[in-house]
Each structure stands twice: as C-alpha cells, then as structure tokens.
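Shown next: work.txt, given as compact mmCIF, C-alpha atoms.
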# COMPACT_ATOMS: atom_id res chain seq x y z
CA MET A 15 98.59 106.83 106.52
CA THR A 16 97.52 106.36 110.14
CA GLU A 17 98.31 103.23 112.10
CA THR A 18 95.46 100.77 112.50
CA PRO A 19 94.30 100.51 116.15
CA ILE A 20 95.41 97.29 117.85
CA SER A 21 91.82 96.23 118.48
CA ASP A 22 91.18 96.15 114.73
CA VAL A 23 94.17 93.99 113.75
CA ALA A 24 92.29 90.71 113.19
CA ALA A 25 89.57 92.33 111.08
CA TYR A 26 92.14 94.49 109.30
CA MET A 27 94.27 91.51 108.29
CA GLN A 28 91.18 89.67 107.06
CA THR A 29 90.45 92.62 104.79
CA VAL A 30 94.06 92.80 103.62
CA GLY A 31 93.97 89.12 102.71
CA GLU A 32 90.68 89.38 100.82
CA ARG A 33 91.90 92.37 98.83
CA ALA A 34 95.23 90.72 98.04
CA ARG A 35 93.52 87.57 96.76
CA ALA A 36 91.19 89.62 94.54
CA ALA A 37 94.09 91.70 93.23
CA SER A 38 96.18 88.59 92.51
CA ARG A 39 93.66 87.39 89.93
CA LEU A 40 93.88 90.70 88.09
CA LEU A 41 97.68 90.84 88.23
CA ALA A 42 98.00 87.25 87.00
CA ARG A 43 96.44 88.26 83.70
CA ALA A 44 98.07 91.71 83.45
CA GLU A 45 99.99 92.41 80.28
CA THR A 46 103.73 92.93 80.49
CA ALA A 47 103.37 96.49 79.20
CA ALA A 48 100.99 97.43 82.03
CA LYS A 49 103.31 95.98 84.67
CA ASN A 50 106.25 97.87 83.20
CA ARG A 51 104.24 101.11 83.09
CA ALA A 52 103.44 100.66 86.78
CA LEU A 53 107.08 100.03 87.68
CA LEU A 54 108.27 103.10 85.79
CA ALA A 55 105.48 105.22 87.28
CA ILE A 56 106.47 104.12 90.78
CA ALA A 57 110.10 105.01 90.06
CA ALA A 58 109.05 108.47 88.82
CA ASP A 59 106.83 109.04 91.85
CA LEU A 60 109.59 108.08 94.28
CA ASP A 61 111.92 110.46 92.46
CA ALA A 62 109.38 113.31 92.62
CA ARG A 63 108.60 112.75 96.30
CA ARG A 64 112.08 112.56 97.74
CA ALA A 65 111.22 115.27 100.26
CA ASP A 66 108.26 113.22 101.53
CA LEU A 67 110.43 110.11 101.82
CA LEU A 68 113.13 112.07 103.65
CA ALA A 69 110.61 113.53 106.11
CA ALA A 70 109.09 110.11 106.84
CA ASN A 71 112.52 108.53 107.23
CA ARG A 72 113.57 111.31 109.60
CA LEU A 73 110.65 110.41 111.88
CA ASP A 74 111.86 106.80 111.98
CA LEU A 75 115.48 107.78 112.60
CA GLU A 76 114.52 110.14 115.43
CA ALA A 77 112.31 107.49 117.02
CA GLY A 78 115.03 104.87 116.61
CA ALA A 79 117.65 107.08 118.24
CA ALA A 80 115.26 107.80 121.13
CA GLN A 81 114.70 104.05 121.57
CA GLY A 82 118.45 103.43 121.73
CA LEU A 83 118.96 101.64 118.38
CA ASP A 84 122.67 101.16 117.79
CA ALA A 85 124.59 102.86 114.99
CA ALA A 86 124.49 99.82 112.70
CA LEU A 87 120.69 99.55 112.91
CA LEU A 88 120.26 103.29 112.36
CA ASP A 89 122.52 103.04 109.32
CA ARG A 90 120.40 100.25 107.82
CA LEU A 91 117.29 102.30 108.54
CA GLU A 92 118.46 105.47 106.85
CA LEU A 93 117.24 106.35 103.35
CA THR A 94 120.26 108.23 102.05
CA PRO A 95 120.13 109.95 98.63
CA GLY A 96 122.27 107.13 97.26
CA ARG A 97 119.93 104.44 98.58
CA THR A 98 116.94 106.29 97.17
CA ASP A 99 118.73 106.46 93.81
CA ALA A 100 119.39 102.71 94.00
CA MET A 101 115.75 102.00 94.86
CA ILE A 102 114.59 104.00 91.84
CA ALA A 103 117.18 102.37 89.58
CA GLY A 104 116.13 98.94 90.82
CA LEU A 105 112.51 99.52 89.76
CA ARG A 106 113.65 100.56 86.28
CA GLU A 107 115.94 97.53 86.04
CA VAL A 108 113.09 95.17 86.95
CA ALA A 109 110.94 96.82 84.28
CA ALA A 110 113.65 95.97 81.74
CA LEU A 111 113.75 92.28 82.70
CA ALA A 112 111.98 89.63 80.65
CA ASP A 113 108.52 88.73 81.96
CA PRO A 114 108.45 85.04 82.96
CA VAL A 115 104.65 84.82 83.18
CA GLY A 116 102.96 82.86 80.38
CA ALA A 117 106.17 81.34 79.02
CA ILE A 118 105.51 77.89 77.53
CA PHE A 119 108.28 75.29 77.42
CA ASP A 120 108.85 71.54 77.00
CA LEU A 121 105.97 71.34 74.51
CA ASN A 122 106.01 67.91 72.86
CA TYR A 123 103.65 65.72 70.84
CA ARG A 124 102.45 62.54 72.53
CA PRO A 125 101.54 59.33 70.63
CA SER A 126 97.85 60.19 71.15
CA GLY A 127 98.26 63.37 69.07
CA ILE A 128 98.00 65.85 71.95
CA GLN A 129 100.78 68.28 72.77
CA VAL A 130 101.86 68.45 76.42
CA GLY A 131 103.94 71.27 77.85
CA ARG A 132 104.29 73.54 80.82
CA MET A 133 103.43 77.18 81.37
CA ARG A 134 104.97 79.54 83.92
CA VAL A 135 102.36 81.20 86.16
CA PRO A 136 102.44 83.49 89.25
CA LEU A 137 102.38 82.02 92.74
CA GLY A 138 99.40 84.22 93.68
CA VAL A 139 99.80 86.20 96.91
CA VAL A 140 103.29 86.56 98.39
CA GLY A 141 103.69 87.69 101.99
CA ILE A 142 107.08 89.24 102.81
CA ILE A 143 108.22 89.93 106.37
CA TYR A 144 111.44 91.89 106.79
CA GLU A 145 113.42 94.13 109.11
CA SER A 146 115.06 97.55 109.07
CA ARG A 147 115.86 98.47 105.47
CA PRO A 148 112.93 100.42 103.96
CA ASN A 149 114.31 100.04 100.43
CA VAL A 150 113.24 96.37 100.63
CA THR A 151 109.64 97.62 100.39
CA ALA A 152 110.14 98.87 96.83
CA ASP A 153 112.54 96.09 95.79
CA ALA A 154 110.25 93.27 96.91
CA ALA A 155 107.13 94.91 95.52
CA ALA A 156 108.81 95.36 92.13
CA LEU A 157 109.78 91.70 91.80
CA CYS A 158 106.35 90.49 92.90
CA LEU A 159 104.58 92.86 90.53
CA LYS A 160 106.70 91.91 87.51
CA SER A 161 106.08 88.21 88.21
CA GLY A 162 102.31 88.81 88.36
CA ASN A 163 101.90 88.32 92.11
CA ALA A 164 100.02 90.39 94.63
CA THR A 165 102.10 91.05 97.72
CA VAL A 166 101.53 91.88 101.35
CA LEU A 167 104.55 93.51 102.97
CA ARG A 168 105.22 93.73 106.68
CA GLY A 169 108.33 95.79 107.38
CA GLY A 170 110.04 96.36 110.69
CA SER A 171 108.24 98.63 113.14
CA GLU A 172 111.33 100.85 113.27
CA ALA A 173 110.78 101.77 109.57
CA PHE A 174 107.01 102.28 109.83
CA HIS A 175 106.79 105.85 108.49
CA SER A 176 109.33 105.22 105.70
CA ASN A 177 107.49 102.11 104.55
CA GLN A 178 104.14 103.87 104.50
CA ALA A 179 105.58 106.71 102.39
CA ILE A 180 106.99 104.21 99.91
CA ALA A 181 103.70 102.28 99.92
CA ALA A 182 101.81 105.39 98.84
CA CYS A 183 104.12 105.70 95.80
CA LEU A 184 103.65 102.02 94.98
CA GLN A 185 99.89 102.26 95.01
CA ARG A 186 99.78 105.46 92.97
CA GLY A 187 102.00 103.83 90.36
CA LEU A 188 99.76 100.76 90.13
CA GLU A 189 96.62 102.88 89.72
CA SER A 190 98.23 105.04 87.04
CA ALA A 191 98.87 101.89 84.97
CA GLY A 192 95.31 100.64 85.41
CA LEU A 193 96.32 97.90 87.86
CA PRO A 194 94.75 97.31 91.29
CA ALA A 195 96.29 99.35 94.10
CA ASP A 196 95.66 96.37 96.37
CA GLY A 197 98.25 94.48 94.36
CA VAL A 198 100.82 95.82 96.83
CA GLN A 199 99.75 96.35 100.44
CA VAL A 200 102.08 97.44 103.21
CA ILE A 201 100.72 96.51 106.64
CA ALA A 202 99.64 99.71 108.37
CA THR A 203 100.11 98.58 111.96
CA ARG A 204 103.16 97.85 114.07
CA ASP A 205 101.26 95.30 116.15
CA ARG A 206 103.10 91.97 116.00
CA ALA A 207 99.73 90.23 115.87
CA ALA A 208 99.65 91.26 112.20
CA VAL A 209 102.60 88.94 111.53
CA GLY A 210 100.85 86.08 113.29
CA ALA A 211 97.78 86.62 111.16
CA LEU A 212 99.70 86.95 107.89
CA ILE A 213 101.51 83.63 108.30
CA THR A 214 98.34 81.72 109.23
CA MET A 215 96.07 82.77 106.34
CA PRO A 216 96.51 80.01 103.73
CA GLN A 217 93.15 80.93 102.22
CA TYR A 218 94.65 84.29 101.19
CA VAL A 219 98.44 83.91 101.17
CA ASP A 220 100.27 81.36 99.00
CA VAL A 221 103.84 81.75 100.24
CA ILE A 222 105.75 83.66 102.94
CA ILE A 223 109.28 85.01 102.45
CA PRO A 224 110.98 86.17 105.67
CA ARG A 225 114.02 88.43 105.37
CA GLY A 226 115.87 89.21 108.58
CA GLY A 227 117.68 87.68 111.50
CA LYS A 228 117.70 84.03 112.45
CA GLY A 229 115.24 84.63 115.30
CA LEU A 230 112.64 86.09 112.95
CA ILE A 231 113.03 83.31 110.40
CA GLU A 232 112.87 80.57 113.04
CA ARG A 233 109.64 82.04 114.42
CA ILE A 234 108.07 82.30 110.97
CA SER A 235 109.10 78.73 110.07
CA ARG A 236 107.77 77.38 113.35
CA GLU A 237 104.40 79.15 113.36
CA ALA A 238 103.49 79.51 109.68
CA ARG A 239 100.60 77.61 108.15
CA VAL A 240 101.67 78.89 104.75
CA PRO A 241 104.69 77.54 102.79
CA VAL A 242 107.89 79.47 103.61
CA ILE A 243 110.84 80.24 101.30
CA LYS A 244 113.82 80.85 103.57
CA HIS A 245 117.31 80.22 104.75
CA LEU A 246 118.32 80.25 108.41
CA ASP A 247 122.13 80.43 108.32
CA GLY A 248 124.88 81.20 105.88
CA ILE A 249 127.65 78.96 107.18
CA CYS A 250 129.64 79.01 103.95
CA HIS A 251 132.83 77.02 103.33
CA VAL A 252 135.83 77.22 101.04
CA TYR A 253 137.86 74.01 100.75
CA ILE A 254 141.45 74.36 99.48
CA ASP A 255 142.38 71.03 97.93
CA ASP A 256 145.99 69.76 97.88
CA ARG A 257 145.84 70.15 94.11
CA ALA A 258 144.82 73.82 94.32
CA ASP A 259 146.61 76.72 92.67
CA LEU A 260 147.46 78.91 95.66
CA ALA A 261 147.66 81.94 93.38
CA LYS A 262 143.91 81.46 92.91
CA ALA A 263 143.16 80.36 96.45
CA LEU A 264 144.46 83.48 98.21
CA PRO A 265 142.28 86.07 96.42
CA ILE A 266 139.25 83.74 96.59
CA VAL A 267 139.54 83.37 100.36
CA MET A 268 140.24 87.07 100.91
CA ASN A 269 137.26 88.11 98.82
CA ALA A 270 134.93 85.50 100.31
CA LYS A 271 135.79 86.58 103.86
CA THR A 272 136.67 90.27 103.78
CA GLN A 273 134.73 91.88 100.92
CA ARG A 274 131.74 92.17 103.30
CA TYR A 275 131.42 90.60 106.72
CA GLY A 276 127.68 90.84 107.34
CA THR A 277 126.23 88.96 104.36
CA CYS A 278 124.84 85.44 104.22
CA ASN A 279 127.28 84.40 101.46
CA THR A 280 130.41 85.43 103.40
CA LEU A 281 132.96 82.70 104.12
CA GLU A 282 132.75 81.47 107.74
CA THR A 283 134.82 78.24 107.73
CA LEU A 284 137.97 77.56 105.72
CA LEU A 285 138.96 73.92 105.14
CA VAL A 286 142.52 73.15 104.01
CA ALA A 287 143.89 69.80 102.84
CA GLU A 288 146.73 68.61 105.08
CA GLY A 289 148.99 68.04 102.07
CA ILE A 290 149.05 71.78 101.32
CA ALA A 291 148.42 73.23 104.79
CA ALA A 292 152.05 73.99 105.68
CA GLU A 293 152.39 76.10 102.55
CA ALA A 294 148.89 77.56 102.34
CA LEU A 295 148.08 78.55 105.92
CA PRO A 296 150.95 81.02 106.52
CA LEU A 297 150.24 82.60 103.10
CA LEU A 298 146.56 83.03 103.98
CA ALA A 299 146.94 83.99 107.64
CA ALA A 300 149.08 87.08 107.13
CA PRO A 301 146.73 89.08 104.84
CA LEU A 302 143.68 87.96 106.82
CA ARG A 303 145.22 89.23 110.06
CA ASP A 304 146.26 92.44 108.28
CA LYS A 305 142.54 92.93 107.55
CA GLY A 306 141.76 92.47 111.23
CA VAL A 307 140.25 88.99 110.89
CA GLU A 308 140.42 86.86 114.03
CA LEU A 309 141.49 83.30 113.21
CA ARG A 310 140.13 80.34 115.17
CA GLY A 311 141.81 77.09 114.25
CA CYS A 312 142.00 73.38 114.88
CA PRO A 313 145.22 72.07 116.52
CA ALA A 314 146.90 71.54 113.13
CA THR A 315 146.01 75.10 112.13
CA CYS A 316 147.34 76.55 115.37
CA GLN A 317 150.60 74.68 114.79
CA GLN A 318 151.04 76.41 111.42
CA VAL A 319 149.59 79.75 112.57
CA PRO A 320 150.65 80.39 116.19
CA ALA A 321 148.55 83.57 116.35
CA ALA A 322 145.35 81.60 115.78
CA ILE A 323 143.00 81.04 118.72
CA PRO A 324 142.08 77.38 119.39
CA ALA A 325 138.65 76.71 117.90
CA THR A 326 135.80 75.32 119.98
CA PRO A 327 133.20 72.83 118.67
CA GLU A 328 130.72 75.72 118.44
CA ASP A 329 132.93 77.56 115.95
CA TRP A 330 132.18 75.03 113.21
CA ASP A 331 128.45 75.75 113.57
CA THR A 332 128.58 79.54 113.83
CA GLU A 333 127.64 82.19 111.28
CA TYR A 334 129.82 85.00 112.57
CA LEU A 335 128.76 87.85 110.28
CA ALA A 336 131.94 89.44 111.62
CA PRO A 337 135.73 89.49 111.00
CA ILE A 338 136.18 86.01 112.46
CA LEU A 339 137.18 82.92 110.48
CA ALA A 340 137.23 79.29 111.61
CA ILE A 341 139.96 77.17 109.96
CA ARG A 342 140.28 73.39 109.95
CA VAL A 343 142.89 71.15 108.37
CA VAL A 344 141.31 68.04 106.82
CA ALA A 345 142.77 64.86 105.34
CA GLY A 346 141.36 65.56 101.90
CA LEU A 347 138.22 65.86 99.81
CA GLU A 348 136.26 63.15 101.64
CA GLU A 349 136.78 64.73 105.04
CA ALA A 350 136.05 68.20 103.68
CA MET A 351 132.72 67.08 102.25
CA ALA A 352 131.88 65.22 105.46
CA HIS A 353 132.58 68.39 107.47
CA ILE A 354 130.33 70.45 105.18
CA ALA A 355 127.56 67.85 105.40
CA ARG A 356 127.71 67.93 109.21
CA HIS A 357 128.25 71.63 109.87
CA GLY A 358 127.09 73.46 106.75
CA SER A 359 123.79 75.25 106.25
CA GLN A 360 123.23 74.23 102.60
CA HIS A 361 123.82 77.80 101.48
CA THR A 362 127.08 78.17 99.50
CA ASP A 363 130.27 76.11 99.43
CA SER A 364 133.32 76.31 97.16
CA ILE A 365 136.32 74.14 96.29
CA VAL A 366 139.66 75.45 95.04
CA THR A 367 141.35 72.75 92.96
CA GLU A 368 142.95 72.09 89.60
CA ASP A 369 141.75 68.47 89.65
CA TYR A 370 138.77 68.10 87.33
CA SER A 371 137.53 64.85 88.86
CA ARG A 372 137.58 66.26 92.38
CA ALA A 373 135.80 69.40 91.24
CA ARG A 374 133.08 67.28 89.62
CA ARG A 375 132.67 65.22 92.79
CA PHE A 376 132.38 68.34 94.92
CA LEU A 377 129.73 69.80 92.59
CA ARG A 378 127.76 66.57 92.58
CA GLU A 379 128.02 65.54 96.23
CA VAL A 380 127.91 68.77 98.25
CA ASP A 381 124.23 69.33 98.99
CA SER A 382 123.99 73.13 99.03
CA SER A 383 121.90 75.63 97.08
CA SER A 384 125.06 77.02 95.44
CA VAL A 385 128.21 74.92 94.89
CA MET A 386 131.27 76.50 93.26
CA VAL A 387 134.64 75.63 91.81
CA ASN A 388 137.51 78.14 91.99
CA ALA A 389 135.25 81.08 92.85
CA SER A 390 134.35 83.24 95.85
CA THR A 391 131.20 82.41 97.80
CA ARG A 392 130.28 86.10 97.52
CA PHE A 393 129.02 85.37 93.99
CA ALA A 394 125.93 83.64 95.45
CA ASP A 395 123.62 86.49 94.54
CA GLY A 396 120.72 86.96 92.14
CA PHE A 397 122.32 89.86 90.28
CA GLU A 398 125.64 88.01 89.89
CA TYR A 399 123.77 84.92 88.63
CA GLY A 400 122.06 86.95 85.90
CA LEU A 401 118.62 86.94 87.53
CA GLY A 402 118.53 90.75 87.42
CA ALA A 403 117.50 90.94 91.06
CA GLU A 404 116.57 88.65 93.91
CA ILE A 405 114.04 88.59 96.68
CA GLY A 406 116.13 86.34 98.91
CA ILE A 407 118.10 83.11 99.12
CA SER A 408 116.41 79.76 99.59
CA THR A 409 118.10 76.71 101.06
CA ASP A 410 114.90 74.68 100.78
CA LYS A 411 114.67 71.91 98.19
CA PHE A 412 111.13 72.43 96.96
CA HIS A 413 110.14 74.97 94.31
CA ALA A 414 112.90 77.59 94.59
CA ARG A 415 116.50 76.97 95.68
CA GLY A 416 119.38 79.45 95.83
CA PRO A 417 118.87 83.10 94.86
CA VAL A 418 115.16 83.68 94.18
CA GLY A 419 114.49 86.01 91.26
CA LEU A 420 111.48 86.52 89.02
CA GLU A 421 111.33 82.88 87.93
CA GLY A 422 111.46 81.77 91.57
CA LEU A 423 108.31 83.81 92.20
CA THR A 424 106.42 81.72 89.67
CA SER A 425 105.26 78.13 89.46
CA VAL A 426 104.43 75.95 86.47
CA LYS A 427 101.31 74.16 85.34
CA PHE A 428 100.88 71.52 82.66
CA ILE A 429 99.08 72.56 79.52
CA VAL A 430 97.60 70.27 76.86
CA LEU A 431 96.85 71.29 73.28
CA GLY A 432 94.57 69.04 71.31
CA ASN A 433 92.49 68.87 68.14
CA GLY A 434 89.58 66.68 69.21
CA GLU A 435 91.65 63.78 70.55
CA VAL A 436 90.03 61.42 73.07
CA ARG A 437 91.73 58.83 75.23
CA ALA A 438 91.53 55.26 73.95

Output the structure of this file as structure tokens.
Amino acid sequence: MTETPISDVAAYMQTVGERARAASRLLARAETAAKNRALLAIAADLDARRADLLAANRLDLEAGAAQGLDAALLDRLELTPGRTDAMIAGLREVAALADPVGAIFDLNYRPSGIQVGRMRVPLGVVGIIYESRPNVTADAAALCLKSGNATVLRGGSEAFHSNQAIAACLQRGLESAGLPADGVQVIATRDRAAVGALITMPQYVDVIIPRGGKGLIERISREARVPVIKHLDGICHVYIDDRADLAKALPIVMNAKTQRYGTCNTLETLLVAEGIAAEALPLLAAPLRDKGVELRGCPATCQQVPAAIPATPEDWDTEYLAPILAIRVVAGLEEAMAHIARHGSQHTDSIVTEDYSRARRFLREVDSSSVMVNASTRFADGFEYGLGAEIGISTDKFHARGPVGLEGLTSVKFIVLGNGEVRA
C-alpha cells in the first residue's frame, strides 16, 4: 500500500473517519461467530504470509538503522519468528474469549411492572496511537473487533511497512468473514498531521487510546477533542509494613523490581516501616545490588545501606524504567499512604503485611487503579487478571480503570422491558 501524499492528509483522514463510523454500525450488530471467523482468518493469513511480513519488516529495520535508531528501538521494531507466532496465537486466544457485546445484567422488576437492566454495547470507533512494536497492530485490532468496535490505528512511522503488511491481512480476514474491511483501518501516511486529525474528530471517533512514551501521551491528552483512555507514568510502590513477613517481602520486591525493568508496572519506589528497616533493608539491598540495581535512599536508608546513593526530591517522582530503585523509610502505614498520595501515579501499589486491618485500610484508602496485598506489582496486567488480553492500562477514573480488556472496550446502556405499562 502506497503512502498517502502529505497534501491529501486532511481529506484522507475525513474519508477514514467516515468509513470507520459506517463500519462501526455493522460491527456493533455482528454475530460472535462472524467475529471469531474473522479473527481466525486473520491468524491464518498472517501465518501464510510470513515471508511478506518479513520483507516489509526488513524495510523498516534497514530504514531504522540508516536513521540511527538505537539497538533497543530496533529490537522493539523487529518481527522475529517468535513474535509473529505470539501475534498469531493472540488472535486465536481473543477468538476463544467470551463476547461481552449484548450481555444483559442487573435486570430487575420495578413497582410499575417494567423490568430495568443494562446491556453491554461497543464504544463505536476506537482510535489507537502507538509506537514501535508492529505486533500491537494485530493485538489492538483483535480486541476492538471482538468487542464490536471499528478501529483506526496509527502506528509509529518507523514501523510503516510492517504495519501496512499486517493491515492487509486484517482486512482480508474481515472480508472473508463477511464483515466490513473498513472495520480496521491502519493510517497509510507517516505525516504527523494524521495524528492531529484523528484526535480532533469527535464526529467519527469515540475514544482515543495512546500507547507509547510519556511525551506522546501528554501531547494526545493536551490536544485531543475526543475522550482519552491513558496512563502517563507507572510510579509503582511497595510498602513493607512493620508487621510484614520478610520471607514474603524479599521475593515480592525482587520480582516487582527486577523481573523486567522497562514496564509500567515495575516497582520504582520502595517504602519500609522504620520498625523493620534495620532488619529488612540489609536483606533486600544485597540481592538487589547483585542484580545490578542502583539504590537511591533517604538518610535513614543510607544509614542502613552505606552503598546507597542519597536520593534527591526528584527520585520520588521518577519512573526510571531502569535498574534504579528509590527507597524511603517511613514511620508507618499513615506516612506510607501519604507518600503514595503525593508521589504516586495511581497505577499500582502494594503492601506487604500480616496485619489484616492494615491491609484493608491500604486497599480502601490508596487511590490507584490496582492496589495489592502481599503480591508483586508486576501482576497488574490484563492476562494476569483473567481478562485474556489488554489494550492498555488506564489510571483514569471514568469508564475504564486498570488493565483494559474486552469489557473495557464496551459501555453500557439501560434497557427497559415492558408489557404495555404506562407511567402513572
């Protein structure tokens, strides 16, 4: 597919929006069987066209290397055989998930004789803006399709050829199942004006989901005229209470910090109650340093861990996405929760304690999209939560919060069932 000339971007995006809106009405009423047939057909087409995907991805990798992209970006850009396998498996897994569309719940009789309930319905048209990883194209399209939404995808310019190759498979799969090919559209221009148009078309787009760096998400949030589902930072905390079992605390902290450094649910700040700090900090510091984690601590932490670097005020507000951990000793639960309220990003926070009352308070009072007791923050994930898959994490408080799966891509409407009743 050729790139749309820059001079045509405004008209092109208008057409994309019109087609997406028309397709959304057809997808909203599509039967589950048709959506599943499309998903399985897309998976089969991707499998059959691996050579085409590889050739398109090679063009992107060569262009990226020529432009000086670093090794980490080139790695995220590459469609390895394993990543292609995972993309195909993901489509088949989404096909196996329960369809949320049309589900009726909370149906109750009212004194008037009518029944009032709620029905789950698609959002309509979902715009997704993302960077680097071309597998997101198939993953996001699959979730939107299964939840009955049309979607407009704008991937990173560095993955242009890969995304267009995947888009062709998506559209062939939709058509083979008798569904509109316009149900999934991948923007066919690298011009950044396309992003500006997509996020300011409320007549065509119902919600925007940005996936990428903080700069991208801040721009989308600032300029969008369409509701945005997003999170900016993942400044996640683990608080070790003075009634914690340290045999639990050590593996929780190690997993939360070192299992993966570059994810939004990775531990960035460790809070330790002063009553247990002298015992806990040396136990925790040694294995963290063995893993190559740089420790930045408050004065009380540095006293217990001489190798720690004194923390600056900025450390409490930083998402490192790297082997760096900020550590602060706090008086107790109240100070820990106050620190999280001031410095957290409402993503994921965990307490390690054997005190039931303190655990309940932490769950109730910490205002984050995921709050945990005696568990690693790395569990904040749609698959781990039983959603099957996720399209992102939301720290907003309206509509969807936390990992956003199929249900998060739907809304609800009230339904009324009557038998001739009229209001008195």

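Using all atoms listed in the file, the residues found no farther than 9 Å from Leu347 (chain A), other than those of its own chain fewer than 5 positions away, are A:Tyr253, A:Asp255, A:Asp256, A:Ala287, A:Ala352, A:Arg372, A:Arg375, A:Phe376.
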
> Do you know which residues are at most 10 Å from Phe397 (chain A) counting only C-alpha atoms, after dropping those on the same chain fewer than 5 positions away, and could you put them as a PyMOL selection string?
Replying inline: chain A and resi 402-404+417+419

Students should find that CA of Arg274 (chain A) and CA of Gly406 (chain A) are spaced 17.2 Å

Within 7 Å of Asp196 (chain A), counting all atoms listed in the file, which residues qualify if same-chain residues fewer than 5 places away don't, as a short mmCIF file (atom, residue, chain, number, x, y, z; two decimals) with C-alpha atoms, in the frame of the given file?
data_model
loop_
_atom_site.label_atom_id
_atom_site.label_comp_id
_atom_site.auth_asym_id
_atom_site.auth_seq_id
_atom_site.Cartn_x
_atom_site.Cartn_y
_atom_site.Cartn_z
CA ARG A 33 91.90 92.37 98.83
CA ALA A 34 95.23 90.72 98.04
CA ALA A 37 94.09 91.70 93.23
#

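Between Arg310 (chain A) and the residues A:Ala291, A:Glu282, A:Cys158, A:Arg257, the shortest atom-to-atom distance, using all atoms listed in the file, involves A:Glu282.
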
Inset, instruction - Kindly provide, as a ChimeraX atom specification, the polymer residues lying within 12 Å of (114.8, 106.8, 94.1), counting only C-alpha atoms and using the coordinates exactly as they appear in the file. - result: /A:54-68,93-106,148-149,152-153,180,183

Extract, using all atoms listed in the file, all DNA, RNA and protein residues at most 6 Å from region 228-243 of chain A, discarding same-chain residues fewer than 3 positions from it, and format them as an NGL selection string. :A and (213-214 or 216 or 221-224 or 246 or 408)

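Closest approach to Ala345 (chain A) among A:His251, A:Ala314, A:Asp363, A:Lys427: A:Ala314, based on all atoms listed in the file.
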
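The smallest atom-to-atom distance between Gly358 (chain A) and any of A:Gly248, A:Gly400, A:Gly434, A:Pro324, using only C-alpha atoms, is found for A:Gly248.
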
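Shell of Thr332 (chain A) at 10 Å, with all atoms listed in the file counted and residues fewer than 6 places along the chain excluded, is Asp247, Gly248, Ile249, Cys250, Glu282, Thr283, Leu339, Ala340, His357, Gly358 and Ser359 of chain A.
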
Computed gap from CA of Phe393 (chain A) to CA of Val267 (chain A) is 12.5 Å

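CA of Ser126 (chain A) is found 11.3 Å from CA of Leu431 (chain A).
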
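Minimum distance to Gln199 (chain A) across A:Asp381, A:Glu435, A:Glu32, A:Asp259 (counting all atoms listed in the file) occurs at A:Glu32.
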
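Considering only C-alpha atoms, the residue among A:Thr46, A:Ser171, A:Ser390, A:Gln360 positioned nearest to Asn269 (chain A) is A:Ser390.
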
Across A:Ala42, A:Cys278, A:Ala211, A:Asn388, the smallest distance to Arg134 (chain A), with only C-alpha atoms counted, is shown by A:Ala42

* If I put a ball of radius 7 Å at (105.8, 77.4, 78.7) in the file's coordinates, which residues poke into it when counting all atoms listed in the file, written as a PyMOL selection string? -> chain A and resi 116-120+131-134
